[in-house]
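my_file-v4.cif follows (mmCIF, C-alpha atoms):
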```cif
data_start
loop_
_atom_site.label_atom_id
_atom_site.label_comp_id
_atom_site.auth_asym_id
_atom_site.auth_seq_id
_atom_site.Cartn_x
_atom_site.Cartn_y
_atom_site.Cartn_z
CA MET A 1 -230.36 29.89 30.64
CA ASP A 2 -227.09 30.46 28.77
CA THR A 3 -227.42 27.04 27.21
CA LEU A 4 -230.94 27.81 26.08
CA LEU A 5 -229.87 31.14 24.58
CA GLU A 6 -227.01 29.38 22.80
CA LEU A 7 -229.40 26.82 21.32
CA ILE A 8 -231.72 29.58 20.14
CA ALA A 9 -228.81 31.51 18.59
CA GLN A 10 -227.73 28.44 16.65
CA SER A 11 -231.22 27.45 15.53
CA GLY A 12 -232.57 27.93 12.07
CA PHE A 13 -235.32 30.20 13.37
CA HIS A 14 -232.75 32.72 14.59
CA ASN A 15 -231.02 32.82 11.21
CA LEU A 16 -234.16 32.83 9.08
CA GLY A 17 -234.21 35.78 6.65
CA TRP A 18 -236.71 37.18 4.18
CA ARG A 19 -234.91 35.52 1.26
CA ASN A 20 -235.40 32.13 2.89
CA LEU A 21 -239.11 32.83 3.27
CA VAL A 22 -239.44 33.92 -0.37
CA MET A 23 -237.64 30.78 -1.50
CA PHE A 24 -239.98 28.66 0.63
CA PHE A 25 -242.81 30.22 -1.36
CA VAL A 26 -241.01 29.50 -4.67
CA ALA A 27 -240.42 25.90 -3.59
CA GLY A 28 -244.05 25.54 -2.58
CA LEU A 29 -245.18 26.98 -5.91
CA LEU A 30 -243.12 24.42 -7.84
CA VAL A 31 -244.58 21.58 -5.81
CA TYR A 32 -248.09 23.00 -6.20
CA LEU A 33 -247.73 23.21 -9.99
CA ALA A 34 -246.46 19.64 -10.06
CA VAL A 35 -249.20 18.19 -7.84
CA LYS A 36 -252.24 20.26 -8.79
CA LYS A 37 -251.46 21.08 -12.43
CA ASN A 38 -249.38 17.98 -13.26
CA TYR A 39 -246.60 20.22 -14.66
CA GLU A 40 -243.46 18.04 -15.03
CA PRO A 41 -244.02 16.44 -11.60
CA LEU A 42 -241.08 14.05 -11.88
CA LEU A 43 -238.70 17.02 -11.86
CA LEU A 44 -240.55 19.90 -10.27
CA ILE A 45 -241.28 18.01 -7.02
CA PRO A 46 -237.59 17.09 -6.44
CA ILE A 47 -236.47 20.57 -7.52
CA GLY A 48 -239.02 22.26 -5.27
CA PHE A 49 -238.13 20.12 -2.26
CA GLY A 50 -234.42 20.63 -2.94
CA ALA A 51 -234.97 24.41 -3.03
CA MET A 52 -236.68 24.21 0.36
CA LEU A 53 -233.78 22.19 1.79
CA ALA A 54 -231.26 24.67 0.42
CA ASN A 55 -232.90 27.54 2.28
CA LEU A 56 -233.08 25.93 5.70
CA PRO A 57 -230.50 27.98 7.66
CA ALA A 58 -227.60 26.01 9.09
CA ALA A 59 -229.00 22.71 7.76
CA MET A 60 -226.10 22.38 5.29
CA LEU A 61 -228.34 20.99 2.57
CA ASP A 62 -227.42 23.41 -0.20
CA ALA A 63 -224.90 22.96 -3.00
CA SER A 64 -222.87 25.29 -5.17
CA SER A 65 -220.12 25.26 -7.76
CA GLY A 66 -217.85 27.34 -5.51
CA TYR A 67 -217.86 25.02 -2.50
CA HIS A 68 -214.43 24.01 -1.18
CA ALA A 69 -214.14 21.58 1.72
CA GLU A 70 -211.39 22.12 4.27
CA PRO A 71 -209.07 19.18 4.99
CA GLY A 72 -210.90 16.67 7.16
CA GLN A 73 -214.25 18.43 6.73
CA THR A 74 -217.29 16.30 5.89
CA VAL A 75 -218.88 17.28 2.58
CA PRO A 76 -222.64 17.95 2.93
CA LEU A 77 -224.90 15.33 1.36
CA LEU A 78 -226.31 17.30 -1.58
CA GLN A 79 -222.96 18.98 -2.21
CA LEU A 80 -221.43 15.51 -2.49
CA ILE A 81 -224.04 14.51 -5.07
CA TYR A 82 -223.44 17.82 -6.89
CA ASN A 83 -219.70 17.19 -7.01
CA MET A 84 -220.08 13.61 -8.16
CA GLY A 85 -223.04 13.99 -10.51
CA ILE A 86 -223.12 17.55 -11.86
CA LYS A 87 -219.50 18.72 -11.79
CA THR A 88 -218.42 15.48 -13.45
CA GLN A 89 -221.25 15.80 -16.04
CA LEU A 90 -222.45 12.30 -15.10
CA LEU A 91 -226.17 12.63 -14.40
CA PRO A 92 -227.49 14.39 -17.56
CA PRO A 93 -225.94 11.86 -19.99
CA VAL A 94 -227.39 9.02 -17.92
CA ILE A 95 -230.80 10.68 -18.27
CA PHE A 96 -230.18 10.67 -22.03
CA LEU A 97 -229.45 6.94 -21.84
CA GLY A 98 -232.90 6.41 -20.36
CA VAL A 99 -234.54 8.76 -22.86
CA GLY A 100 -232.97 6.79 -25.70
CA ALA A 101 -234.32 3.56 -24.27
CA LEU A 102 -237.81 5.09 -24.19
CA THR A 103 -237.72 6.77 -27.63
CA ASP A 104 -238.97 5.33 -30.90
CA PHE A 105 -237.13 6.90 -33.84
CA ARG A 106 -239.36 5.24 -36.46
CA PRO A 107 -241.52 8.36 -36.99
CA LEU A 108 -238.34 10.27 -37.84
CA LEU A 109 -236.93 7.55 -40.07
CA SER A 110 -240.20 7.15 -41.93
CA ARG A 111 -240.18 10.89 -42.78
CA PRO A 112 -236.52 11.98 -42.90
CA VAL A 113 -237.52 15.50 -43.94
CA THR A 114 -238.79 16.08 -40.41
CA LEU A 115 -235.19 16.03 -39.22
CA MET A 116 -234.89 19.50 -40.75
CA LEU A 117 -237.93 20.66 -38.78
CA GLY A 118 -236.22 19.55 -35.58
CA ALA A 119 -233.16 21.57 -36.58
CA ALA A 120 -235.22 24.65 -37.48
CA ALA A 121 -236.98 24.49 -34.11
CA GLN A 122 -233.66 25.25 -32.39
CA LEU A 123 -233.91 28.84 -33.68
CA GLY A 124 -234.91 30.16 -30.27
CA ILE A 125 -231.66 28.88 -28.73
CA PHE A 126 -229.58 31.25 -30.83
CA VAL A 127 -232.04 34.16 -30.73
CA ALA A 128 -232.13 34.08 -26.92
CA ALA A 129 -228.36 33.59 -26.64
CA LEU A 130 -227.68 36.61 -28.84
CA GLY A 131 -230.25 38.66 -26.96
CA ALA A 132 -228.77 37.70 -23.59
CA PHE A 133 -225.29 38.67 -24.76
CA TYR A 134 -225.99 41.89 -26.65
CA LEU A 135 -229.07 43.26 -24.86
CA PHE A 136 -228.76 42.09 -21.26
CA GLY A 137 -225.00 42.06 -20.83
CA PHE A 138 -224.54 38.40 -19.95
CA THR A 139 -221.19 36.80 -20.74
CA ALA A 140 -220.97 34.51 -23.76
CA GLU A 141 -220.98 31.45 -21.50
CA GLU A 142 -224.02 32.68 -19.56
CA ALA A 143 -225.82 33.63 -22.78
CA ALA A 144 -225.30 30.14 -24.22
CA SER A 145 -226.64 28.58 -21.02
CA ILE A 146 -229.73 30.78 -21.18
CA GLY A 147 -230.27 30.21 -24.89
CA ILE A 148 -230.32 26.44 -24.55
CA ILE A 149 -233.63 26.79 -22.67
CA GLY A 150 -235.15 27.22 -26.14
CA GLY A 151 -234.42 23.58 -26.88
CA ALA A 152 -237.02 22.58 -24.26
CA ASP A 153 -234.61 19.90 -23.06
CA GLY A 154 -234.01 19.93 -19.31
CA PRO A 155 -231.03 17.52 -19.11
CA THR A 156 -229.24 19.35 -21.93
CA SER A 157 -229.84 22.70 -20.21
CA ILE A 158 -228.42 21.34 -16.96
CA TYR A 159 -225.47 19.72 -18.73
CA LEU A 160 -224.44 22.86 -20.61
CA THR A 161 -225.04 25.27 -17.72
CA ALA A 162 -223.12 23.12 -15.23
CA ILE A 163 -220.08 23.44 -17.50
CA LEU A 164 -220.33 27.03 -18.75
CA ALA A 165 -222.23 28.93 -16.04
CA PRO A 166 -222.81 26.77 -12.94
CA HIS A 167 -223.90 29.79 -10.87
CA LEU A 168 -227.01 30.02 -13.10
CA LEU A 169 -227.89 26.34 -12.80
CA GLY A 170 -230.95 26.73 -10.57
CA ALA A 171 -232.54 29.54 -12.56
CA VAL A 172 -231.87 27.91 -15.95
CA ALA A 173 -233.19 24.51 -14.82
CA VAL A 174 -236.36 26.00 -13.33
CA ALA A 175 -236.98 28.03 -16.50
CA ALA A 176 -236.34 25.04 -18.76
CA TYR A 177 -238.65 22.65 -16.93
CA SER A 178 -241.30 25.32 -16.32
CA TYR A 179 -241.58 26.14 -20.01
CA MET A 180 -241.56 22.45 -20.90
CA ALA A 181 -244.53 22.08 -18.57
CA LEU A 182 -246.22 25.08 -20.20
CA VAL A 183 -246.04 23.67 -23.74
CA PRO A 184 -249.87 23.33 -23.89
CA VAL A 185 -250.16 27.01 -22.99
CA ILE A 186 -247.36 28.55 -25.07
CA GLN A 187 -247.49 26.69 -28.36
CA PRO A 188 -251.17 26.80 -29.50
CA PRO A 189 -251.34 30.63 -29.81
CA ILE A 190 -248.15 30.63 -31.89
CA MET A 191 -249.48 27.90 -34.21
CA ARG A 192 -252.78 29.77 -34.51
CA LEU A 193 -250.96 32.99 -35.42
CA LEU A 194 -248.64 31.46 -38.01
CA THR A 195 -250.94 29.00 -39.84
CA THR A 196 -254.16 29.25 -41.84
CA ASP A 197 -257.19 26.98 -41.64
CA ALA A 198 -256.17 25.40 -44.94
CA GLU A 199 -252.67 24.64 -43.65
CA ARG A 200 -253.99 23.09 -40.45
CA ALA A 201 -256.22 20.83 -42.57
CA ILE A 202 -253.32 19.29 -44.51
CA ASN A 203 -253.63 15.56 -43.96
CA MET A 204 -250.24 13.94 -44.35
CA PRO A 205 -250.10 10.53 -46.08
CA GLN A 206 -249.32 7.34 -44.23
CA ALA A 207 -245.62 7.06 -43.48
CA ARG A 208 -243.61 4.31 -45.12
CA PRO A 209 -242.63 1.35 -42.92
CA VAL A 210 -239.15 1.26 -41.42
CA SER A 211 -237.07 -1.92 -41.42
CA GLN A 212 -235.45 -3.44 -38.35
CA THR A 213 -232.08 -2.98 -40.01
CA ALA A 214 -232.66 0.76 -40.36
CA VAL A 215 -233.60 1.28 -36.72
CA ILE A 216 -230.46 -0.58 -35.61
CA ILE A 217 -228.10 1.21 -37.99
CA PHE A 218 -229.54 4.66 -37.23
CA PRO A 219 -228.23 5.10 -33.64
CA ILE A 220 -224.81 3.81 -34.64
CA PHE A 221 -224.62 6.07 -37.70
CA ILE A 222 -225.82 9.20 -35.84
CA THR A 223 -223.37 8.62 -32.98
CA VAL A 224 -220.39 8.32 -35.31
CA LEU A 225 -221.48 11.24 -37.50
CA THR A 226 -222.17 13.72 -34.69
CA ALA A 227 -219.15 12.68 -32.63
CA LEU A 228 -216.87 13.25 -35.61
CA ALA A 229 -218.52 16.54 -36.59
CA ILE A 230 -219.01 18.00 -33.08
CA PRO A 231 -217.08 15.93 -30.51
CA SER A 232 -218.47 18.01 -27.62
CA SER A 233 -221.94 16.63 -28.30
CA ALA A 234 -220.77 13.01 -28.06
CA PRO A 235 -221.57 12.42 -24.33
CA LEU A 236 -225.23 13.33 -24.83
CA ILE A 237 -225.77 11.93 -28.32
CA GLY A 238 -223.73 8.81 -27.61
CA MET A 239 -225.72 7.92 -24.51
CA LEU A 240 -229.03 8.75 -26.21
CA MET A 241 -228.25 6.50 -29.14
CA PHE A 242 -226.84 3.72 -26.97
CA GLY A 243 -230.10 3.65 -25.03
CA ASN A 244 -232.02 3.50 -28.30
CA LEU A 245 -229.84 0.65 -29.57
CA LEU A 246 -230.62 -1.29 -26.40
CA ARG A 247 -234.31 -0.75 -27.16
CA GLU A 248 -234.20 -1.68 -30.84
CA SER A 249 -231.71 -4.55 -30.87
CA GLY A 250 -234.37 -6.92 -29.59
CA VAL A 251 -231.92 -8.92 -27.50
CA THR A 252 -231.28 -6.61 -24.53
CA ASP A 253 -234.74 -6.20 -23.03
CA ARG A 254 -233.42 -6.33 -19.45
CA LEU A 255 -230.91 -3.56 -20.10
CA SER A 256 -233.43 -1.48 -22.00
CA LYS A 257 -236.04 -1.77 -19.25
CA THR A 258 -233.45 -0.89 -16.60
CA ALA A 259 -232.19 2.16 -18.52
CA GLY A 260 -235.71 3.39 -19.25
CA GLY A 261 -237.10 2.46 -15.83
CA ALA A 262 -235.22 2.11 -12.55
CA LEU A 263 -232.02 3.85 -13.68
CA ILE A 264 -233.62 6.97 -15.16
CA ASN A 265 -235.92 7.24 -12.13
CA ILE A 266 -233.03 7.09 -9.66
CA VAL A 267 -231.01 9.65 -11.59
CA THR A 268 -234.04 11.92 -11.95
CA ILE A 269 -234.45 11.99 -8.16
CA PHE A 270 -230.82 12.95 -7.59
CA LEU A 271 -230.76 15.44 -10.45
CA GLY A 272 -233.89 17.25 -9.29
CA LEU A 273 -232.83 17.44 -5.64
CA VAL A 274 -229.36 18.71 -6.49
CA VAL A 275 -230.62 21.33 -8.95
CA GLY A 276 -233.06 22.53 -6.30
CA SER A 277 -230.27 22.64 -3.73
CA THR A 278 -228.44 25.27 -5.83
CA MET A 279 -231.37 27.69 -5.48
CA GLN A 280 -230.21 29.55 -2.38
CA GLY A 281 -232.10 32.78 -1.83
CA ASP A 282 -228.92 34.90 -1.85
CA THR A 283 -228.14 33.93 -5.43
CA PHE A 284 -231.53 32.98 -6.91
CA LEU A 285 -233.37 36.16 -5.93
CA SER A 286 -231.68 38.56 -8.32
CA PRO A 287 -232.50 40.52 -11.48
CA GLN A 288 -230.55 37.88 -13.41
CA THR A 289 -233.18 35.26 -12.59
CA LEU A 290 -235.97 37.48 -13.94
CA PHE A 291 -234.01 38.11 -17.14
CA ILE A 292 -233.42 34.36 -17.52
CA LEU A 293 -237.14 33.65 -17.18
CA ILE A 294 -237.97 36.32 -19.79
CA LEU A 295 -235.31 35.14 -22.22
CA GLY A 296 -236.37 31.53 -21.70
CA ALA A 297 -239.90 32.40 -22.80
CA VAL A 298 -238.52 34.25 -25.84
CA ALA A 299 -236.33 31.27 -26.70
CA PHE A 300 -239.22 28.84 -26.48
CA ALA A 301 -241.51 31.04 -28.57
CA PHE A 302 -238.92 31.50 -31.32
CA SER A 303 -238.14 27.78 -31.37
CA THR A 304 -241.82 26.99 -31.88
CA ALA A 305 -242.12 29.63 -34.58
CA GLY A 306 -238.92 28.44 -36.28
CA GLY A 307 -240.28 24.93 -36.75
CA VAL A 308 -243.65 26.13 -38.06
CA LEU A 309 -242.18 28.69 -40.47
CA PHE A 310 -239.62 26.25 -41.86
CA ALA A 311 -242.40 23.74 -42.57
CA LYS A 312 -244.26 26.47 -44.47
CA LEU A 313 -241.07 27.20 -46.41
CA LEU A 314 -240.66 23.54 -47.35
CA ASN A 315 -244.23 23.45 -48.63
CA LEU A 316 -243.30 26.03 -51.27
CA PHE A 317 -241.10 23.40 -52.92
CA LEU A 318 -243.15 20.26 -52.31
CA PRO A 319 -245.84 18.95 -54.68
CA GLU A 320 -249.48 19.12 -53.62
CA GLY A 321 -249.75 15.57 -52.28
CA LYS A 322 -246.46 15.69 -50.38
CA ARG A 323 -246.95 18.89 -48.39
CA ILE A 324 -246.38 19.00 -44.64
CA ASN A 325 -248.88 20.17 -42.08
CA PRO A 326 -246.90 23.20 -40.76
CA CYS A 327 -248.15 22.65 -37.23
CA ILE A 328 -245.92 19.60 -36.82
CA GLY A 329 -242.94 21.97 -37.01
CA ALA A 330 -243.90 23.22 -33.53
CA ALA A 331 -243.12 19.73 -32.23
CA GLY A 332 -239.47 20.25 -33.22
CA VAL A 333 -238.71 21.37 -29.68
CA SER A 334 -237.54 18.37 -27.72
CA ALA A 335 -240.30 18.20 -25.11
CA VAL A 336 -241.04 14.56 -25.94
CA PRO A 337 -243.83 13.53 -26.34
CA MET A 338 -245.77 16.47 -24.89
CA SER A 339 -245.18 18.81 -27.81
CA ALA A 340 -246.35 16.22 -30.35
CA ARG A 341 -249.51 15.67 -28.30
CA VAL A 342 -250.15 19.42 -28.18
CA VAL A 343 -249.87 19.58 -31.98
CA GLN A 344 -252.24 16.61 -32.29
CA LYS A 345 -254.86 18.21 -30.07
CA PHE A 346 -254.56 21.63 -31.72
CA VAL A 347 -254.95 20.30 -35.26
CA SER A 348 -257.65 17.79 -34.34
CA ASP A 349 -259.69 20.47 -32.56
CA HIS A 350 -259.41 22.87 -35.51
CA THR A 351 -260.40 20.23 -38.06
CA GLU A 352 -263.13 18.59 -35.95
CA GLY A 353 -261.15 15.36 -35.76
CA ARG A 354 -260.55 14.98 -39.51
CA VAL A 355 -256.77 15.44 -39.28
CA ASN A 356 -254.69 13.68 -36.63
CA PRO A 357 -250.96 14.30 -37.12
CA LEU A 358 -249.64 12.72 -33.92
CA MET A 359 -247.26 10.23 -35.53
CA ALA A 360 -246.11 12.80 -38.09
CA ALA A 361 -245.40 15.24 -35.25
CA MET A 362 -243.32 12.64 -33.41
CA GLY A 363 -240.73 12.85 -36.21
CA PRO A 364 -239.63 16.45 -35.54
CA ASN A 365 -240.23 15.89 -31.83
CA VAL A 366 -237.54 13.22 -31.50
CA ALA A 367 -235.37 15.14 -33.98
CA GLY A 368 -235.50 18.04 -31.54
CA VAL A 369 -233.77 15.93 -28.89
CA ILE A 370 -230.86 15.42 -31.27
CA GLY A 371 -230.93 19.06 -32.33
CA SER A 372 -230.71 20.50 -28.83
CA ALA A 373 -227.83 18.19 -27.92
CA VAL A 374 -225.97 19.21 -31.08
CA ALA A 375 -226.58 22.90 -30.29
CA ALA A 376 -225.16 22.37 -26.79
CA GLY A 377 -222.12 20.67 -28.33
CA MET A 378 -221.58 23.63 -30.64
CA PHE A 379 -221.63 26.05 -27.70
CA LEU A 380 -219.15 23.87 -25.80
CA ALA A 381 -216.85 23.67 -28.80
CA LEU A 382 -216.85 27.45 -29.20
CA LEU A 383 -216.79 28.60 -25.57
CA ARG A 384 -215.05 26.00 -23.43
#
```
Would you mind writing the structure in this file as structure tokens?
Amino acid sequence: MDTLLELIAQSGFHNLGWRNLVMFFVAGLLVYLAVKKNYEPLLLIPIGFGAMLANLPAAMLDASSGYHAEPGQTVPLLQLIYNMGIKTQLLPPVIFLGVGALTDFRPLLSRPVTLMLGAAAQLGIFVAALGAFYLFGFTAEEAASIGIIGGADGPTSIYLTAILAPHLLGAVAVAAYSYMALVPVIQPPIMRLLTTDAERAINMPQARPVSQTAVIIFPIFITVLTALAIPSSAPLIGMLMFGNLLRESGVTDRLSKTAGGALINIVTIFLGLVVGSTMQGDTFLSPQTLFILILGAVAFAFSTAGGVLFAKLLNLFLPEGKRINPCIGAAGVSAVPMSARVVQKFVSDHTEGRVNPLMAAMGPNVAGVIGSAVAAGMFLALLR
């Protein structure tokens, strides 16, 4: 009987608390949204399952930035991956390597002006960061980590938060990927509010062709330029552009396919599980998490508005035949290619199929990836 009582006392059922049960619901919700709604399933399923593992009492499947192993103690599995992949800032740049191998920068190169739209669409990052610092009392490091949600770039959010505010990693990652998944819900009302029927009907001319030389020089040039200007952004930008060079060189198909296929898939599994494993109920269920979710929505909305409004501003100085459809500015957030597809559907629906700006929207969309990484580098330069 004593043995039985001892087993019961050490079981997870005996140590199960209400926070664990709430987190099981949160984990189930993430998986449900991924499976039933197809919201970022590649990340939300690993994150949701990792959150469930983290809240199994005594299972030792959680991870945190404050973990310290005693001499001779075995490091738990997910904590080991956290230490090796998140603390060392390894996994997010490897994700960027795969993203680069999957990204075509020709839409950006064919319309260089759209680079400015990608920059303008980072407005929400700084609005949310300032709001978090001055209105909600977060530290500067925490505010920067929250603000980066506005870039709609999950790996960048994880990278920056793991360095500046690792205790917020779970909440920031969930907010970032949730709002990326909600692009089709969040962006159309903002575009509808900020544009007129005439602006939505602007049909942009065919983009000029881009030479093979240009697409090879571009990743090299951008890497050198950004690394010299903001060295802190070099790990993300460098890996992004290296992946793109593998894609565009034409002689490294095996490497390009590996980076954009097996490698990014493996890293995505580890990254999602480990981020989920940081979502212990004791730390995740707090007013801070609610504030992060609110500020993340504000950041995303302002980023969308920033891109649209800057496109409208540019149109004041462009001749009639060269004007930009302002809606493509909304694609300046770096949710590639979802945001560009949302812009395409919105404009096409409002013009009964006469205007289809998908390729034009891809320009600011891929520019947004660069913009969010540069913004993260600026925060690191100022705060680390």
Report as a PDB file with C-alpha atoms, in the frame of the given file the residues that result from applying the PyMOL selection byres ((chain A and resi 365) around 12) to the structure here.
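Wrote it out as selection-v8.pdb, contents follow:
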```
ATOM      1  CA  THR A 103    -237.720   6.770 -27.630  1.00  0.00           C
ATOM      2  CA  ASP A 104    -238.970   5.330 -30.900  1.00  0.00           C
ATOM      3  CA  PHE A 105    -237.130   6.900 -33.840  1.00  0.00           C
ATOM      4  CA  ARG A 106    -239.360   5.240 -36.460  1.00  0.00           C
ATOM      5  CA  PRO A 107    -241.520   8.360 -36.990  1.00  0.00           C
ATOM      6  CA  LEU A 108    -238.340  10.270 -37.840  1.00  0.00           C
ATOM      7  CA  THR A 114    -238.790  16.080 -40.410  1.00  0.00           C
ATOM      8  CA  LEU A 115    -235.190  16.030 -39.220  1.00  0.00           C
ATOM      9  CA  MET A 116    -234.890  19.500 -40.750  1.00  0.00           C
ATOM     10  CA  LEU A 117    -237.930  20.660 -38.780  1.00  0.00           C
ATOM     11  CA  GLY A 118    -236.220  19.550 -35.580  1.00  0.00           C
ATOM     12  CA  ALA A 119    -233.160  21.570 -36.580  1.00  0.00           C
ATOM     13  CA  ALA A 120    -235.220  24.650 -37.480  1.00  0.00           C
ATOM     14  CA  ALA A 121    -236.980  24.490 -34.110  1.00  0.00           C
ATOM     15  CA  GLN A 122    -233.660  25.250 -32.390  1.00  0.00           C
ATOM     16  CA  GLY A 151    -234.420  23.580 -26.880  1.00  0.00           C
ATOM     17  CA  ALA A 152    -237.020  22.580 -24.260  1.00  0.00           C
ATOM     18  CA  ASP A 153    -234.610  19.900 -23.060  1.00  0.00           C
ATOM     19  CA  THR A 304    -241.820  26.990 -31.880  1.00  0.00           C
ATOM     20  CA  GLY A 307    -240.280  24.930 -36.750  1.00  0.00           C
ATOM     21  CA  CYS A 327    -248.150  22.650 -37.230  1.00  0.00           C
ATOM     22  CA  ILE A 328    -245.920  19.600 -36.820  1.00  0.00           C
ATOM     23  CA  GLY A 329    -242.940  21.970 -37.010  1.00  0.00           C
ATOM     24  CA  ALA A 330    -243.900  23.220 -33.530  1.00  0.00           C
ATOM     25  CA  ALA A 331    -243.120  19.730 -32.230  1.00  0.00           C
ATOM     26  CA  GLY A 332    -239.470  20.250 -33.220  1.00  0.00           C
ATOM     27  CA  VAL A 333    -238.710  21.370 -29.680  1.00  0.00           C
ATOM     28  CA  SER A 334    -237.540  18.370 -27.720  1.00  0.00           C
ATOM     29  CA  ALA A 335    -240.300  18.200 -25.110  1.00  0.00           C
ATOM     30  CA  VAL A 336    -241.040  14.560 -25.940  1.00  0.00           C
ATOM     31  CA  PRO A 337    -243.830  13.530 -26.340  1.00  0.00           C
ATOM     32  CA  MET A 338    -245.770  16.470 -24.890  1.00  0.00           C
ATOM     33  CA  SER A 339    -245.180  18.810 -27.810  1.00  0.00           C
ATOM     34  CA  ALA A 340    -246.350  16.220 -30.350  1.00  0.00           C
ATOM     35  CA  ARG A 341    -249.510  15.670 -28.300  1.00  0.00           C
ATOM     36  CA  VAL A 342    -250.150  19.420 -28.180  1.00  0.00           C
ATOM     37  CA  VAL A 343    -249.870  19.580 -31.980  1.00  0.00           C
ATOM     38  CA  LEU A 358    -249.640  12.720 -33.920  1.00  0.00           C
ATOM     39  CA  MET A 359    -247.260  10.230 -35.530  1.00  0.00           C
ATOM     40  CA  ALA A 360    -246.110  12.800 -38.090  1.00  0.00           C
ATOM     41  CA  ALA A 361    -245.400  15.240 -35.250  1.00  0.00           C
ATOM     42  CA  MET A 362    -243.320  12.640 -33.410  1.00  0.00           C
ATOM     43  CA  GLY A 363    -240.730  12.850 -36.210  1.00  0.00           C
ATOM     44  CA  PRO A 364    -239.630  16.450 -35.540  1.00  0.00           C
ATOM     45  CA  VAL A 366    -237.540  13.220 -31.500  1.00  0.00           C
ATOM     46  CA  ALA A 367    -235.370  15.140 -33.980  1.00  0.00           C
ATOM     47  CA  GLY A 368    -235.500  18.040 -31.540  1.00  0.00           C
ATOM     48  CA  VAL A 369    -233.770  15.930 -28.890  1.00  0.00           C
ATOM     49  CA  ILE A 370    -230.860  15.420 -31.270  1.00  0.00           C
ATOM     50  CA  GLY A 371    -230.930  19.060 -32.330  1.00  0.00           C
ATOM     51  CA  SER A 372    -230.710  20.500 -28.830  1.00  0.00           C
TER      52      SER A 372
END
```
Starting from the shown file, work through the PyMOL selection byres ((chain A and resi 199-203) around 9) and note down what comes out as a ChimeraX atom specification. /A:195-198,204-205,312,323-327,346-348,350-351,354-357
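Counting all atoms listed in the file, the residue from A:Ala181, A:Leu43, A:Leu285, A:Ala229 that sits nearest to Met23 of chain A is A:Leu285.
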Residues selected by the PyMOL selection byres ((chain A and resi 126) around 9), written as number ranges by chain: A: 122-125, 127-131, 144, 147-148, 150, 299, 375
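Pairwise distance (atom CA of His167 of chain A, atom CA of Ala63 of chain A) equals 10.5 Å.
Using all atoms listed in the file, the shortest contact distance between Val26 of chain A and any of A:Val99, A:Ala132, A:Ala171, A:Val75 is found at A:Ala171.
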Check which residues of segment 162-254 of chain A sit at most 10 Å from segment 268-281 of chain A using all atoms listed in the file, and return one row each with the closest pair of atoms and their distance in Å to one decimal, ordered by chain and rising number, as JSON lines.
```
{"residue": "A:Ala162", "atom": "CA", "partner": "A:Val275", "partner_atom": "CA", "distance": 9.9}
{"residue": "A:Pro166", "atom": "CA", "partner": "A:Thr278", "partner_atom": "CA", "distance": 9.2}
{"residue": "A:His167", "atom": "CA", "partner": "A:Thr278", "partner_atom": "CA", "distance": 8.2}
{"residue": "A:Leu168", "atom": "CA", "partner": "A:Thr278", "partner_atom": "CA", "distance": 8.8}
{"residue": "A:Leu169", "atom": "CA", "partner": "A:Val275", "partner_atom": "CA", "distance": 6.9}
{"residue": "A:Gly170", "atom": "CA", "partner": "A:Met279", "partner_atom": "CA", "distance": 5.2}
{"residue": "A:Ala171", "atom": "CA", "partner": "A:Met279", "partner_atom": "CA", "distance": 7.4}
{"residue": "A:Val172", "atom": "CA", "partner": "A:Val275", "partner_atom": "CA", "distance": 9.7}
{"residue": "A:Ala173", "atom": "CA", "partner": "A:Val275", "partner_atom": "CA", "distance": 7.2}
{"residue": "A:Val174", "atom": "CA", "partner": "A:Gly276", "partner_atom": "CA", "distance": 8.5}
```
Selection near Ser256 of chain A, 12 Å with only C-alpha atoms, sequence-local residues under 5 positions removed, as a ChimeraX atom specification: /A:97-103,240-251,261-264
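Proximity to Tyr82 of chain A was assessed for A:Arg192, A:Leu61, A:Glu142, A:Glu70 counting all atoms listed in the file; the smallest distance is recorded for A:Leu61.
Closest approach to Pro41 of chain A from the set A:Met180, A:Ile217, A:Leu236, A:Leu225 is made by A:Met180, with distances taken over only C-alpha atoms.
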Provide segment 39-45 of chain A of the preceding structure as a file containing N, CA and C atoms, as an mmCIF file, in the first residue's frame.
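Written out: selection32.cif:
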```cif
data_model
loop_
_atom_site.group_PDB
_atom_site.id
_atom_site.type_symbol
_atom_site.label_atom_id
_atom_site.label_comp_id
_atom_site.auth_asym_id
_atom_site.auth_seq_id
_atom_site.Cartn_x
_atom_site.Cartn_y
_atom_site.Cartn_z
ATOM 1 N N TYR A 39 -4.143 27.421 -40.173
ATOM 2 C CA TYR A 39 -3.388 28.592 -39.743
ATOM 3 C C TYR A 39 -1.959 28.175 -39.387
ATOM 4 N N GLU A 40 -1.000 28.520 -40.232
ATOM 5 C CA GLU A 40 0.422 28.244 -39.992
ATOM 6 C C GLU A 40 0.640 26.854 -39.385
ATOM 7 N N PRO A 41 0.156 25.797 -40.023
ATOM 8 C CA PRO A 41 0.234 24.470 -39.400
ATOM 9 C C PRO A 41 1.653 23.977 -39.153
ATOM 10 N N LEU A 42 2.596 24.374 -40.004
ATOM 11 C CA LEU A 42 3.965 23.893 -39.835
ATOM 12 C C LEU A 42 4.585 24.352 -38.524
ATOM 13 N N LEU A 43 4.099 25.463 -37.977
ATOM 14 C CA LEU A 43 4.619 25.950 -36.697
ATOM 15 C C LEU A 43 3.648 25.755 -35.549
ATOM 16 N N LEU A 44 2.363 25.978 -35.793
ATOM 17 C CA LEU A 44 1.418 25.921 -34.680
ATOM 18 C C LEU A 44 1.247 24.502 -34.140
ATOM 19 N N ILE A 45 1.351 23.478 -34.989
ATOM 20 C CA ILE A 45 1.251 22.108 -34.470
ATOM 21 C C ILE A 45 2.449 21.774 -33.570
#
```
